[in-house]
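Structure first, then comments.
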Amino acid sequence: MAYSFPEEVLEHVFSFLSSDRDRNAVSLVCKSWYDIERWCRRRIFVGNCYAVSPEIVIRRFPELRAVEMKGKPHFADFNLVPEGWGAYAYPWIAAMAEAYPFLEEIKLKRMVVTDESLELISKSYKNFKVLVLTSCEGFTTDGLASIAANCRHLRELDLRESEVEDLSGHWLSHFPDSCTSLVSLNMSCLGSEVSFSALERLVARSPNLRTLRLNRAVPLERLANLIRRAPQLVELGTGAYSAEIRSDTFSNLADAFSACKQLKTLSGFWDVVPSYLPAMYSVCSGITSLNLSYAAIPSSDLVKLINQCQNLQRLWVLDYIEDSGLDALAASCKGLQELRVFPSDPFGAEPNVPLTEQGLVSVSEGCPKLESVLYFCRQMSNAALIAIAKNRPNFIRFRLCIIDPQAPDYLTLEPLDTGFGAIVENCKELRRLSMTGLLTDRVFKYIGSHAKKLEMLSVAFAGDSDLGLHHVLSGCDSLRKLEIRDCPFGDKALLANAAKLETMRSLWMSSCFVSFGACKLLAQKMPRLNVEVIDERGPPESRPEGCSVERVYVYRTVDSRQRLDRPDFVWTLDEDSSLRYS
Amino acid sequence: MSAPLLGVGGDEYQNNITLLSSPTSLESVCQNGSELKERNYMGLSDCSSVDSSAKSSTSDYSCCGLNLKATELRLGPPGSLSLGRGLECCPESSTAIDEKLLFPLHPLKALVTGNKRVFSDAMNGTSEGKHVSASEVDTMLSPRPSLKPSVKASKEVSAAHQTKVKEAVYKAAVLEMPHAPTESRPGHIAATNNDASAPATKAQVVGWPPVRQFRKNNLTTTSKNNDEVDGKASNGASFVKVSMDGAPYLRKVDLITYSAYQGLSSALEKMFSCFTIGQYGSHGAPGAEMMNESKLKDLLNGSEYVLTYEDKDGDWMLVGDVPWEMFIDTCKRLRIMKSSDAIGLAPRAVQKNQGKK
């Protein structure tokens, strides 16, 4: 009985629940628990900023301390979402500035953040601690200066891969001398040089600093001094890793590294001069995560480095590693959990390095804990995929990108259906899958039948007919995000599975065969979905209804109003199918 | 790999091709083919009688009346939603919409129960349309704008024109009745029908390969250090932001897709015309001068706006002063600014240079 427990007791019990799922479950037990829970919820994650409005969030959760939110769909990373589409952070920041004076954390991904927003953050929240902007854009280093200057208790400033307009490096100098609370600073995406003395002083007065990711403009000669001031570092991102070969520079660096007993993660490594890599060897045995994806290092040097890192769990690397390097990886790093191999020459038609499917097969054989892979290569075979699937039934993320998107099995010239079929059939815990290559409707049938835990699927240039899409929508019970480009999927499958879309976060389809008429019908039938037609050719009504739309983005939402911040190339469809556009 | 997975492929195709010609054996269809079955997630549709058997397992290919569902989906008044119409008995309709619906390049895998007559009728319906439209294909560019950079220029082609291309190609592809899946690929459609250089342009498909801009930018400089490649990076795209004074948001253009200033300037005119047209009212009326480039062109060539860019050194220059190749290397962003604000920039040489190009 709810009344036999005082609220405070229940609150205390609930405070041990950190997962959103648990909290959501608790809030459904009864009205009184709903009420108690909403008052004591401190963290919230919004997977799609348009799924709910700031007002609704604020009304339900009056005492939040941490907000994490995502904006644009994933394909925005590849320029498939036109600029100006939306995902503006400002309305959220402004609403929360009023409602949550004690807010401490804001984490945004793929959103448009302006200097205004940053300034508002820096001035509205007295206890602001954590700002993480992943793949965001729209702000300049002036906005960073506001954050640096005004957030007295700042712990984390992390600008992962955001597009920042770099006016100058002066922003860093805005951290007051009294600021000693920094735990994490990631400025790796910035271009300009910051004042090195300001940086050194900042690092020196931050005893809790655990993560420091420098930008390319910090030369190698400066690195030793910085590291020396922060031997407690756990994660380090170097700047440019090149300098004239000089023994004093080398020994300086090696000494500095050897003092860092806690170092677990290394990244950065622009412009690597391989002779300087051995300076790091003293820390390699403790390294669990290594990001060399910007480093053009020849395979032999990579192998030497990797052989030092026996406890490696995560490796991001360019395809310069070659098949032979991956063989060495498989032999040395038995604890490897995640591998990402990026293309050094993504637009070249011919292979520039000897990296093939063999490398992935080796790693899948040699690394029993491997569960997450992102692999770019130029050829693949069903046999290889089947081998990989049999070797590693514990995959949870499998993303394969063959540079030629419709490449068949290079040995048999058949579609890669059976290969990917083996992956989904063997890897029963698979949560994320991206496929490329010549693929027919059959692969989707396999996915629909087997990939019961699949949450996110990315498809490009695949399938033959609506049946493909239908298999996925009707079979993948756990599907949350589906993104499709350039596939012959159209209205039938979409409409036949309209109800499924409400169980998912979102569906993205671009350059497919979805007609405007179908979009209208879908919007009509499913009032809790927003159906956005994103088309730069002008109003959809100016074309026949059967004409395909350029892009359609469907997502569930509890915000019943239409988006007010739509640009002129986005049309959202009302329940009565009347067209709304700005 | 277990036999079923491997063995299914060939048979399926055979069965379905025969289905087309003799629409009699429902059972064979149901056993071997897979079809669209609406999943009753929300208890919204009442096809429980038909659904119940299908619900047990996804591999149980019992036939389910897609068309029943389709009938339910049709909420709009008859005639306004030709989708519904297309799925019901309208054998003679050969409107673009029906034909689009009938798109499956792959012969119908038993999308029907009891209504398969509809599909085969509808298929027959398309055959009339096929011949007419197939001829249109040859005159068109690739219908898949994202596959060819030159098709970006085809945005100058009217929207309706482009639509026709897409539909024409579908019909033509249906004509092909491919038995190998290859030909039904969108990219290969273009190849089959146009002899266009679709394969050669894959390297420049928008957003392909899926490497983030951030990474691409870093690679350019990395590869420059390692091997000189024509002086220009093998980077397939060069997106720069374009802002216009007074416009609520900015756009991005890929400079590499244009071969000269003219192409860039027309593209920008298209992109930003809506902002200036807004001043003239009639923004949303269908068929109105949404894309009235001439008005914007007047504005641009007249004295109201100038196109400027920021170069690698951070200086703002007037566009058109340097050779095109140099321009795309050095341009970091573009701005359409009011002439009145452009005082103090390099001497106005825009028209002069455009004349040269």
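Order determines the names: the first chain of the structure tokens is A, the second B, and so forth; residues in each chain are numbered 1 upward, and ligands are numbered 1 upward as they are shown.
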
#### Entry: Spatial neighbours of Arg505 of chain A, max dist 8 Å, only C-alpha atoms, sep filter under 5 positions, as a PyMOL selection string
chain A and resi 47-48+480-481+555-556

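With only C-alpha atoms taken into account, chain A has Asp77, Phe78, Asn79, Glu83, Gly84, Phe347, Ser465, Ala496, Asn497, Ser542 and Gly546 of chain A at most 6 Å from chain B.
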
Write out, as a compact mmCIF listing (two decimals), in the first residue's frame, the residues just selected, with N, CA and C atoms.
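Output (out.txt):
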# COMPACT_ATOMS: atom_id res chain seq x y z
N ASP A 77 24.98 12.64 -40.57
CA ASP A 77 26.45 12.56 -40.55
C ASP A 77 27.01 12.48 -41.96
N PHE A 78 26.21 11.99 -42.89
CA PHE A 78 26.71 11.80 -44.25
C PHE A 78 26.05 12.78 -45.21
N ASN A 79 25.67 13.92 -44.70
CA ASN A 79 25.11 14.98 -45.54
C ASN A 79 23.82 14.60 -46.24
N GLU A 83 20.93 21.00 -44.76
CA GLU A 83 21.24 21.97 -43.72
C GLU A 83 20.00 22.81 -43.41
N GLY A 84 19.82 23.09 -42.17
CA GLY A 84 18.66 23.90 -41.81
C GLY A 84 17.44 23.06 -41.44
N PHE A 347 37.42 7.51 -51.54
CA PHE A 347 36.85 7.82 -52.84
C PHE A 347 37.62 7.22 -53.99
N SER A 465 12.32 -5.23 -53.64
CA SER A 465 10.91 -4.82 -53.64
C SER A 465 10.47 -4.50 -52.23
N ALA A 496 1.48 -1.13 -44.78
CA ALA A 496 1.06 -2.38 -44.16
C ALA A 496 1.62 -2.51 -42.74
N ASN A 497 2.68 -1.79 -42.47
CA ASN A 497 3.31 -1.89 -41.16
C ASN A 497 3.27 -0.58 -40.40
N SER A 542 2.80 19.99 -56.02
CA SER A 542 3.02 20.42 -57.39
C SER A 542 3.41 19.25 -58.28
N GLY A 546 1.60 10.21 -56.84
CA GLY A 546 2.34 8.96 -56.85
C GLY A 546 3.83 9.17 -56.96

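Put simply, atom CA of Leu268 of chain B is 16.5 Å away from atom CA of Pro567 of chain A.
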
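Near Leu522 of chain A, within 9 Å and counting only C-alpha atoms, sit Leu494, Leu495, Ala498, Leu529, Val531 and Leu573 of chain A; Leu73 of chain B, not including residues fewer than 6 positions from it in the same chain.
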
### Task
State, in Å with one decimal place, the distance from atom CA of Val363 of chain A to atom CA of Ser293 of chain A.
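Interatomic distance here is 17.7 Å.
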
### Query
Residues at most 8 Å from segment 63-75 of chain A, counting only C-alpha atoms, excluding those fewer than 3 positions away in the same chain, as a PyMOL selection string?
chain A and resi 39-50+78-81+86-88+100+102-111+483+508

### Task
Calculate how many Å separate atom CA of Leu360 of chain A from atom CA of Arg399 of chain A, rounding to one decimal.
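If I compute the distance from atom CA of Leu360 of chain A to atom CA of Arg399 of chain A, I get 11.6 Å.
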
### Task
Excluding Asp319 of chain A and any residue of its chain fewer than 5 positions from it, enumerate the residues within 10 Å of it, using only C-alpha atoms, and give them as a ChimeraX atom specification.
/A:293,296-299,325-326,340-345,352-356,359,375-377

### Query
Got a sec: who's within 7 Å of Asn311 of chain A, counting only C-alpha atoms, leaving out chain neighbours fewer than 4 positions off, as number ranges by chain?
A: 285-288, 333, 335

#### Entry: Contact residues around Pro101 of chain A with only C-alpha atoms at 9 Å, ignoring same-chain residues under 2 positions, as an MDAnalysis selection string
chainID A and resid 65 96:99 103:104 124:127
